[in-house]
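Undergrad: Please see the structure below; I have some questions.
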Amino acid sequence: MRKLFSILSLLIVASMLLAACGGAAPTEEPAPAEPAAPAPAEPEMMTCDTPLMGAEPMHAVQDLRVNLGTYPDIIDPQKSSFVNEIAHLQSFYEGLTKLNGDLETVPGAAESWSYNDDSTVLTFKLRDCLSYSDGSLLNAERFRYSLLRNINPETAGEYAAITDEINGAPEWRGGDAAAQATVEESLVASHPDGSACTGYEDPECTIFTITLSRPAPYFHTVMALWVTFPAKEELITEGGETWWLEAKYHTGNGPFILESMEPQVSARMVPNPYYWGGQPSFNLEYSYITDTAVAFEAYKNDEFDIVDLASEDFDVIMADPVLSQEADIYPGSCTFAVMFHQLKAPFDNKAVREAFAYALDRDAWVKDVLKGLGAPTLTWIPPGFPGYQEGETRLGFDAAKAVQTLTDAGYSVSGGQLIGPDGAAIEVVNTFNDTPRNRTRNEWLVAKWKEVLGIDIALNPVESTTYTALTKDVNTAPQMFILGWCADYPDPQNWLSVYWKTGAFGERIAYSNPDLDALLVEADTEGDPATRAELYAQAQDMLVAGSPVAFMWNNVNQYLVKPWVKGIVQTPMDPGYPGQYEPTQIYVEK
């Protein structure tokens, strides 16, 4: 395995420097005097009649069969946010930039990019004659449409705020219709000579310029995210509200073509011969078995090539001479926490949130439930990522302090019921993604809280895709539930600003802190790396002090992989299967 964690803190800075230094024009020597020459002929217009790879889609010889678990709630580039959704989108779409196997920002659909001096204007040069998976032209106007769609308040995408650096974006997204014109002027698709593009069929439309409202030298990395992926406007319109449910509407530009999709059952992808980066050597098939015990049996019967390694199976696997060699366990990029809805009693009271955090035995959870496949945490950014704060001790397990905190706030417990300061009983419900094993895990969790606090906590099991949908909206998010956040790119801005600014993902539990917002804006626009890091450290301190959630554990990537799957390049951020960031390196050798 590559030693990724030791270099992650350098990656975002390195990619910024590479991009920022890449746009300088060469100095030209003066030409010697020569006789006047005839005016040069007008250059021929690029036609791109021949697709980039010039081949018809074809099936590979081997299949890579992956159990992804939960079926996606939505597979729409401008609306998706969960890792299982992203695992699909990254397979058949690509942004102007992308992350490689070292999590460096590298060229994707764009061959280069450059910033102006103060990092408020970002310009991309697309590859010439880019093609979609059907051989049709992909130009800068397509990326302009994707960003406009992401910002448009009618789209109401989960990740819309991540492009708020674009001039006018937060205002339009927030309902100011007049700001739409500002956004449209801030996103310009043009020819290399600066002239305007003429639409989606214009082959010379290869320049895309973004004007930002503030310095954002990391924004080229944001352009690797799925919200920028160029799904076709006409197919979205034709397919309607649920266009993403049918494979025929996903004409993408990534390494795979979505050939077929059967909801809740499977999705099948084949190599895209028009992908500029070369063809994968296998067909990719996702299945959606949420019961890890069933998936494990199927893996042992050679029905899958890759499945999640469930902690419940860990001891059996490690005692088996064959299966133990197929275990693929390496550092992850996610933090899981108990989410408390800030508007739903009793968790609208900070003291109650703190009491539940003190009563959470994270070490026992990792040891007894996860079988050591993870690490307890008391903070948000995980080890190995820029901004991780070692030595955090606040709100660690302390049974006596948990009870005292609850009592000091005027709460009591009678007959297993939580009684508020006003004397009224408050029901406490733990909602979770329902599988047989997950039910056992949550039974363990509420039993431990009962031991410490004496509160009977009701269990509310919910079907997996429904659970995902519920937790996305502040109006439907449960009173208490477990949810994780996994890195999109290795930078504190992604962990703190993207998640916890007012209106971002913390809105799911109604979290808002204007003081934190101001500190994060200052950090986001700070050019000095040391000062920037210190500002983010202060922001994370403020976040922990506010106790919006009970930080719980950091994950590891844990898979079972058949020995005939070769060439995997691991990253902590693998969203669906190991090696997904470098799929063209993988091969299946049966």
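Residues are named by chain letter and number: chains run A, B, ... in the order of the structure tokens, numbers start at 1 in each chain, and ligands are numbered from 1 in the order shown.
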Using only C-alpha atoms, which residues sit within 10 Å of Asp361 of chain A once same-chain residues fewer than 5 positions away are excluded, as a list in words?
TA: Val366, Pro376, Gly396, Phe397, Asp398, Ala399, Leu445, Lys448, Trp449, Val452 and Met552 of chain A
Undergrad: Using only N, CA and C atoms, please write the residues we just selected to a file, as a PDB file, in the first residue's frame.
TA:
ATOM      1  N   VAL A 366     -15.613   0.451  19.316  1.00  0.00           N
ATOM      2  CA  VAL A 366     -14.613   0.005  18.342  1.00  0.00           C
ATOM      3  C   VAL A 366     -14.146  -1.415  18.656  1.00  0.00           C
ATOM      4  N   PRO A 376     -11.505   5.174  17.750  1.00  0.00           N
ATOM      5  CA  PRO A 376     -12.372   6.157  18.406  1.00  0.00           C
ATOM      6  C   PRO A 376     -11.866   7.567  18.155  1.00  0.00           C
ATOM      7  N   GLY A 396     -14.971  13.197  26.163  1.00  0.00           N
ATOM      8  CA  GLY A 396     -14.662  11.772  26.174  1.00  0.00           C
ATOM      9  C   GLY A 396     -15.528  11.022  27.178  1.00  0.00           C
ATOM     10  N   PHE A 397     -15.520   9.704  27.093  1.00  0.00           N
ATOM     11  CA  PHE A 397     -16.392   8.875  27.936  1.00  0.00           C
ATOM     12  C   PHE A 397     -16.132   9.129  29.421  1.00  0.00           C
ATOM     13  N   ASP A 398     -17.203   9.516  30.119  1.00  0.00           N
ATOM     14  CA  ASP A 398     -17.138   9.775  31.552  1.00  0.00           C
ATOM     15  C   ASP A 398     -18.554   9.600  32.089  1.00  0.00           C
ATOM     16  N   ALA A 399     -18.855   8.414  32.622  1.00  0.00           N
ATOM     17  CA  ALA A 399     -20.218   8.089  33.033  1.00  0.00           C
ATOM     18  C   ALA A 399     -20.728   9.048  34.111  1.00  0.00           C
ATOM     19  N   LEU A 445     -25.767  -0.082  21.283  1.00  0.00           N
ATOM     20  CA  LEU A 445     -25.567   1.330  21.565  1.00  0.00           C
ATOM     21  C   LEU A 445     -26.574   1.856  22.585  1.00  0.00           C
ATOM     22  N   LYS A 448     -25.960   0.603  26.120  1.00  0.00           N
ATOM     23  CA  LYS A 448     -24.877   1.285  26.835  1.00  0.00           C
ATOM     24  C   LYS A 448     -25.338   2.639  27.374  1.00  0.00           C
ATOM     25  N   TRP A 449     -26.130   3.363  26.578  1.00  0.00           N
ATOM     26  CA  TRP A 449     -26.672   4.630  27.060  1.00  0.00           C
ATOM     27  C   TRP A 449     -27.605   4.397  28.253  1.00  0.00           C
ATOM     28  N   VAL A 452     -25.614   3.988  31.473  1.00  0.00           N
ATOM     29  CA  VAL A 452     -25.036   5.213  32.023  1.00  0.00           C
ATOM     30  C   VAL A 452     -26.111   6.207  32.454  1.00  0.00           C
ATOM     31  N   MET A 552     -17.581  10.042  17.040  1.00  0.00           N
ATOM     32  CA  MET A 552     -17.621   8.650  17.494  1.00  0.00           C
ATOM     33  C   MET A 552     -16.424   7.819  17.030  1.00  0.00           C
TER      34      MET A 552
END
Undergrad: With DSSP run on the backbone, what are the strand (DSSP E) residues within segment 86-184 of chain A? I'd like them as an mmCIF file with N, CA, C and O atoms, in the first residue's frame.
TA:
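As written to disk, part05.cif reads:
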data_model
loop_
_atom_site.group_PDB
_atom_site.id
_atom_site.type_symbol
_atom_site.label_atom_id
_atom_site.label_comp_id
_atom_site.auth_asym_id
_atom_site.auth_seq_id
_atom_site.Cartn_x
_atom_site.Cartn_y
_atom_site.Cartn_z
ATOM 1 N N THR A 97 -11.073 18.593 -13.739
ATOM 2 C CA THR A 97 -9.917 18.002 -13.074
ATOM 3 C C THR A 97 -10.365 16.712 -12.406
ATOM 4 O O THR A 97 -11.555 16.375 -12.386
ATOM 5 N N LYS A 98 -9.422 15.971 -11.853
ATOM 6 C CA LYS A 98 -9.759 14.760 -11.117
ATOM 7 C C LYS A 98 -8.657 14.518 -10.094
ATOM 8 O O LYS A 98 -7.596 15.161 -10.126
ATOM 9 N N LEU A 99 -8.908 13.601 -9.171
ATOM 10 C CA LEU A 99 -7.883 13.179 -8.226
ATOM 11 C C LEU A 99 -7.294 11.861 -8.708
ATOM 12 O O LEU A 99 -8.019 10.964 -9.137
ATOM 13 N N THR A 105 -4.495 16.651 -7.407
ATOM 14 C CA THR A 105 -5.389 17.191 -8.426
ATOM 15 C C THR A 105 -4.645 17.221 -9.755
ATOM 16 O O THR A 105 -3.591 17.866 -9.872
ATOM 17 N N VAL A 106 -5.186 16.528 -10.738
ATOM 18 C CA VAL A 106 -4.530 16.400 -12.042
ATOM 19 C C VAL A 106 -5.542 16.699 -13.143
ATOM 20 O O VAL A 106 -6.760 16.725 -12.906
ATOM 21 N N PRO A 107 -5.085 16.920 -14.369
ATOM 22 C CA PRO A 107 -6.020 17.198 -15.457
ATOM 23 C C PRO A 107 -7.019 16.068 -15.687
ATOM 24 O O PRO A 107 -6.671 14.890 -15.616
ATOM 25 N N ALA A 110 -10.124 18.789 -18.735
ATOM 26 C CA ALA A 110 -9.268 19.926 -19.092
ATOM 27 C C ALA A 110 -7.813 19.481 -19.106
ATOM 28 O O ALA A 110 -7.380 18.738 -18.233
ATOM 29 N N GLU A 111 -7.065 19.958 -20.081
ATOM 30 C CA GLU A 111 -5.650 19.603 -20.138
ATOM 31 C C GLU A 111 -4.796 20.520 -19.273
ATOM 32 O O GLU A 111 -3.668 20.170 -18.918
ATOM 33 N N SER A 112 -5.328 21.709 -18.907
ATOM 34 C CA SER A 112 -4.559 22.639 -18.079
ATOM 35 C C SER A 112 -5.498 23.664 -17.459
ATOM 36 O O SER A 112 -6.662 23.798 -17.864
ATOM 37 N N TRP A 113 -4.971 24.384 -16.461
ATOM 38 C CA TRP A 113 -5.723 25.475 -15.841
ATOM 39 C C TRP A 113 -4.740 26.501 -15.310
ATOM 40 O O TRP A 113 -3.560 26.212 -15.089
ATOM 41 N N SER A 114 -5.227 27.711 -15.069
ATOM 42 C CA SER A 114 -4.385 28.765 -14.505
ATOM 43 C C SER A 114 -5.263 29.760 -13.756
ATOM 44 O O SER A 114 -6.453 29.914 -14.054
ATOM 45 N N TYR A 115 -4.656 30.435 -12.756
ATOM 46 C CA TYR A 115 -5.326 31.469 -11.990
ATOM 47 C C TYR A 115 -4.736 32.831 -12.369
ATOM 48 O O TYR A 115 -3.588 32.915 -12.822
ATOM 49 N N VAL A 121 -9.812 34.545 -10.623
ATOM 50 C CA VAL A 121 -10.248 34.121 -11.954
ATOM 51 C C VAL A 121 -9.507 32.836 -12.295
ATOM 52 O O VAL A 121 -8.274 32.777 -12.224
ATOM 53 N N LEU A 122 -10.264 31.827 -12.640
ATOM 54 C CA LEU A 122 -9.708 30.506 -12.937
ATOM 55 C C LEU A 122 -10.091 30.128 -14.360
ATOM 56 O O LEU A 122 -11.280 30.141 -14.717
ATOM 57 N N THR A 123 -9.099 29.790 -15.169
ATOM 58 C CA THR A 123 -9.338 29.490 -16.578
ATOM 59 C C THR A 123 -8.868 28.081 -16.909
ATOM 60 O O THR A 123 -7.741 27.702 -16.588
ATOM 61 N N PHE A 124 -9.752 27.326 -17.553
ATOM 62 C CA PHE A 124 -9.445 25.962 -17.981
ATOM 63 C C PHE A 124 -9.339 25.892 -19.494
ATOM 64 O O PHE A 124 -10.099 26.544 -20.216
ATOM 65 N N LYS A 125 -8.402 25.076 -19.960
ATOM 66 C CA LYS A 125 -8.304 24.738 -21.386
ATOM 67 C C LYS A 125 -8.700 23.282 -21.535
ATOM 68 O O LYS A 125 -8.013 22.386 -21.029
ATOM 69 N N LEU A 126 -9.838 23.022 -22.189
ATOM 70 C CA LEU A 126 -10.300 21.651 -22.384
ATOM 71 C C LEU A 126 -9.452 20.942 -23.431
ATOM 72 O O LEU A 126 -8.852 21.574 -24.314
#
Undergrad: Just want the 9 Å neighbourhood of Ala140 of chain A, counted on only C-alpha atoms, with same-chain residues fewer than 4 positions away dropped. Output as a tab-separated table (two decimals) with N, CA and C atoms, in the first residue's frame.
TA:
chain	number	residue	atom	x	y	z
A	124	PHE	N	-9.75	27.33	-17.55
A	124	PHE	CA	-9.45	25.96	-17.98
A	124	PHE	C	-9.34	25.89	-19.49
A	125	LYS	N	-8.40	25.08	-19.96
A	125	LYS	CA	-8.30	24.74	-21.39
A	125	LYS	C	-8.70	23.28	-21.53
A	126	LEU	N	-9.84	23.02	-22.19
A	126	LEU	CA	-10.30	21.65	-22.38
A	126	LEU	C	-9.45	20.94	-23.43
A	144	ARG	N	-20.33	24.65	-18.36
A	144	ARG	CA	-21.03	25.86	-17.92
A	144	ARG	C	-22.46	25.51	-17.50
A	145	TYR	N	-23.13	24.69	-18.28
A	145	TYR	CA	-24.49	24.27	-17.93
A	145	TYR	C	-24.52	23.54	-16.58
A	188	VAL	N	-17.95	31.71	-18.21
A	188	VAL	CA	-17.83	32.07	-19.62
A	188	VAL	C	-17.17	30.93	-20.39
A	189	ALA	N	-17.86	30.41	-21.39
A	189	ALA	CA	-17.30	29.44	-22.33
A	189	ALA	C	-16.92	30.20	-23.60
A	190	SER	N	-15.70	29.99	-24.09
A	190	SER	CA	-15.24	30.77	-25.23
A	190	SER	C	-14.28	29.96	-26.09
A	197	CYS	N	-18.72	31.23	-27.69
A	197	CYS	CA	-19.12	29.93	-28.23
A	197	CYS	C	-20.52	30.02	-28.80
A	200	TYR	N	-23.60	23.81	-27.93
A	200	TYR	CA	-23.04	22.50	-27.59
A	200	TYR	C	-22.33	21.83	-28.76
A	205	CYS	N	-15.02	25.47	-28.86
A	205	CYS	CA	-15.40	25.99	-27.55
A	205	CYS	C	-14.65	25.21	-26.47
A	206	THR	N	-13.39	25.57	-26.25
A	206	THR	CA	-12.51	24.79	-25.38
A	206	THR	C	-11.98	25.57	-24.17
A	207	ILE	N	-12.40	26.80	-24.00
A	207	ILE	CA	-11.94	27.62	-22.88
A	207	ILE	C	-13.11	27.88	-21.93
A	208	PHE	N	-12.89	27.64	-20.65
A	208	PHE	CA	-13.93	27.88	-19.66
A	208	PHE	C	-13.33	28.71	-18.53
Undergrad: Could you please determine the separation between atom CA of Asp291 of chain A and atom CA of Arg362 of chain A in Å, to one decimal place?
TA: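 Separating atom CA of Asp291 of chain A from atom CA of Arg362 of chain A is a distance of 24.1 Å.
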Undergrad: Taking only C-alpha atoms into account, which of A:Leu147, A:Ile289, A:Ala539, A:Ala375 comes nearest Gly387 of chain A?
TA: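 Counting only C-alpha atoms, the residue closest to Gly387 of chain A is A:Ala539.
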Undergrad: Write down as a ChimeraX atom specification the residues belonging to segment 75-215 of chain A that are assigned helix (DSSP H, G or I) by DSSP computed on the backbone.
TA: /A:83-92,140-151,160-163,169-173,179-186
Undergrad: For Pro461 of chain A, list every protein, DNA or RNA residue within 8 Å, evaluated using only C-alpha atoms, and leave out those in the same chain fewer than 6 positions away; present the list as an mmCIF file with all heavy atoms, in the first residue's frame.
TA:
data_model
loop_
_atom_site.group_PDB
_atom_site.id
_atom_site.type_symbol
_atom_site.label_atom_id
_atom_site.label_comp_id
_atom_site.auth_asym_id
_atom_site.auth_seq_id
_atom_site.Cartn_x
_atom_site.Cartn_y
_atom_site.Cartn_z
ATOM 1 N N THR A 431 -32.874 6.408 15.361
ATOM 2 C CA THR A 431 -33.246 5.929 14.032
ATOM 3 C C THR A 431 -32.004 5.383 13.342
ATOM 4 O O THR A 431 -30.931 5.979 13.418
ATOM 5 C CB THR A 431 -33.862 7.068 13.201
ATOM 6 O OG1 THR A 431 -35.024 7.553 13.880
ATOM 7 C CG2 THR A 431 -34.258 6.595 11.815
ATOM 8 N N PHE A 432 -32.156 4.255 12.652
ATOM 9 C CA PHE A 432 -30.982 3.652 12.015
ATOM 10 C C PHE A 432 -31.367 2.903 10.746
ATOM 11 O O PHE A 432 -32.530 2.564 10.513
ATOM 12 C CB PHE A 432 -30.258 2.711 12.987
ATOM 13 C CG PHE A 432 -31.074 1.514 13.434
ATOM 14 C CD1 PHE A 432 -30.994 0.296 12.762
ATOM 15 C CD2 PHE A 432 -31.927 1.608 14.526
ATOM 16 C CE1 PHE A 432 -31.738 -0.794 13.165
ATOM 17 C CE2 PHE A 432 -32.682 0.521 14.946
ATOM 18 C CZ PHE A 432 -32.591 -0.683 14.271
ATOM 19 N N ASN A 433 -30.356 2.665 9.942
ATOM 20 C CA ASN A 433 -30.465 1.910 8.688
ATOM 21 C C ASN A 433 -30.664 0.432 9.034
ATOM 22 O O ASN A 433 -29.789 -0.186 9.635
ATOM 23 C CB ASN A 433 -29.184 2.151 7.883
ATOM 24 C CG ASN A 433 -29.099 1.326 6.628
ATOM 25 O OD1 ASN A 433 -30.002 0.596 6.274
ATOM 26 N ND2 ASN A 433 -27.964 1.444 5.948
ATOM 27 N N ASP A 434 -31.781 -0.139 8.647
ATOM 28 C CA ASP A 434 -32.176 -1.449 9.155
ATOM 29 C C ASP A 434 -31.599 -2.607 8.338
ATOM 30 O O ASP A 434 -31.956 -2.814 7.176
ATOM 31 C CB ASP A 434 -33.697 -1.561 9.177
ATOM 32 C CG ASP A 434 -34.167 -2.819 9.888
ATOM 33 O OD1 ASP A 434 -33.429 -3.306 10.760
ATOM 34 O OD2 ASP A 434 -35.274 -3.303 9.573
ATOM 35 N N ARG A 439 -29.095 -3.750 13.258
ATOM 36 C CA ARG A 439 -30.036 -3.755 14.386
ATOM 37 C C ARG A 439 -29.301 -4.169 15.667
ATOM 38 O O ARG A 439 -29.480 -3.559 16.728
ATOM 39 C CB ARG A 439 -31.189 -4.712 14.097
ATOM 40 C CG ARG A 439 -32.326 -4.643 15.116
ATOM 41 C CD ARG A 439 -33.398 -5.653 14.749
ATOM 42 N NE ARG A 439 -34.089 -5.265 13.540
ATOM 43 C CZ ARG A 439 -35.299 -4.721 13.511
ATOM 44 N NH1 ARG A 439 -35.924 -4.473 14.642
ATOM 45 N NH2 ARG A 439 -35.880 -4.421 12.366
#
Undergrad: For segment 502-504 of chain A, please output as a list of chain:residue names all residues within 9 Å (counting only C-alpha atoms; exclusion window: fewer than 5 positions along the same chain).
TA: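 Residues near the query, excluding close chain neighbours: A:Glu158, A:Tyr159, A:Ala160, A:Ala161, A:Ile162, A:Ser497, A:Ala510, A:Tyr511, A:Ser512, A:Asn513, A:Pro514, A:Leu516, A:Asp517.
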Undergrad: Excluding Glu392 of chain A and residues on its chain fewer than 2 positions from it, collect all residues at most 10 Å away from it, counting only C-alpha atoms, and give them as an MDAnalysis selection string.
TA: chainID A and resid 377:379 388:390 394:396 541 544
Undergrad: I need the residues from that last selection saved to file as a PDB file, in the first residue's frame (with N, CA and C atoms), if you can.
TA:
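Writing done, so here's selection.pdb:
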ATOM      1  N   THR A 377     -12.792   8.534  18.102  1.00  0.00           N
ATOM      2  CA  THR A 377     -12.377   9.914  17.866  1.00  0.00           C
ATOM      3  C   THR A 377     -13.236  10.868  18.675  1.00  0.00           C
ATOM      4  N   LEU A 378     -12.648  12.000  19.025  1.00  0.00           N
ATOM      5  CA  LEU A 378     -13.363  13.063  19.713  1.00  0.00           C
ATOM      6  C   LEU A 378     -13.347  14.351  18.902  1.00  0.00           C
ATOM      7  N   THR A 379     -12.965  14.238  17.642  1.00  0.00           N
ATOM      8  CA  THR A 379     -12.889  15.424  16.800  1.00  0.00           C
ATOM      9  C   THR A 379     -13.334  15.071  15.388  1.00  0.00           C
ATOM     10  N   TYR A 388      -5.959  17.758  11.148  1.00  0.00           N
ATOM     11  CA  TYR A 388      -6.222  16.853  12.271  1.00  0.00           C
ATOM     12  C   TYR A 388      -5.585  17.409  13.545  1.00  0.00           C
ATOM     13  N   GLN A 389      -6.357  17.381  14.639  1.00  0.00           N
ATOM     14  CA  GLN A 389      -5.859  17.898  15.917  1.00  0.00           C
ATOM     15  C   GLN A 389      -5.682  16.747  16.904  1.00  0.00           C
ATOM     16  N   GLU A 390      -4.446  16.408  17.132  1.00  0.00           N
ATOM     17  CA  GLU A 390      -4.133  15.330  18.067  1.00  0.00           C
ATOM     18  C   GLU A 390      -4.295  15.825  19.503  1.00  0.00           C
ATOM     19  N   ARG A 394     -11.884  16.661  25.130  1.00  0.00           N
ATOM     20  CA  ARG A 394     -13.207  17.120  25.557  1.00  0.00           C
ATOM     21  C   ARG A 394     -14.294  16.126  25.157  1.00  0.00           C
ATOM     22  N   LEU A 395     -15.257  15.924  26.053  1.00  0.00           N
ATOM     23  CA  LEU A 395     -16.447  15.106  25.813  1.00  0.00           C
ATOM     24  C   LEU A 395     -16.128  13.624  25.645  1.00  0.00           C
ATOM     25  N   GLY A 396     -14.971  13.197  26.163  1.00  0.00           N
ATOM     26  CA  GLY A 396     -14.662  11.772  26.174  1.00  0.00           C
ATOM     27  C   GLY A 396     -15.528  11.022  27.178  1.00  0.00           C
ATOM     28  N   ASP A 541     -11.874  23.845  16.998  1.00  0.00           N
ATOM     29  CA  ASP A 541     -12.045  24.012  18.445  1.00  0.00           C
ATOM     30  C   ASP A 541     -13.449  24.536  18.767  1.00  0.00           C
ATOM     31  N   VAL A 544     -16.124  21.746  18.169  1.00  0.00           N
ATOM     32  CA  VAL A 544     -16.170  20.752  19.245  1.00  0.00           C
ATOM     33  C   VAL A 544     -16.819  21.341  20.489  1.00  0.00           C
TER      34      VAL A 544
END
Undergrad: What's around Thr405 of chain A at 8 Å? Count only C-alpha atoms, leave out sequence neighbours fewer than 2 positions away in its own chain, and write the answer as a list in words.
TA: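 Returned residues: Ala351, Val352, Glu354, Ala355, Lys401, Ala402, Val403, Thr407, Asp408 and Ala409 of chain A.
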Undergrad: Pick the closest to Leu68 of chain A from A:Ala87, A:Ile236, A:Trp485, A:Ser547: which is it, counting only C-alpha atoms?
TA: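 Smallest separation from Leu68 of chain A among the options: A:Ala87.
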Undergrad: Between atom CA of Gln180 of chain A and atom CA of Phe92 of chain A, measure the distance and give it in Å to one decimal.
TA: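 Distance reported for this atom pair: 29.4 Å.
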Undergrad: Go through A:Gly416, A:Pro255, A:Gly101, A:Pro263 one by one, measure the shortest atom-to-atom distance of each to Ile75 of chain A using only C-alpha atoms, and give the residue with the smallest value.
TA: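 Among the listed residues, the smallest separation from Ile75 of chain A belongs to A:Pro263.
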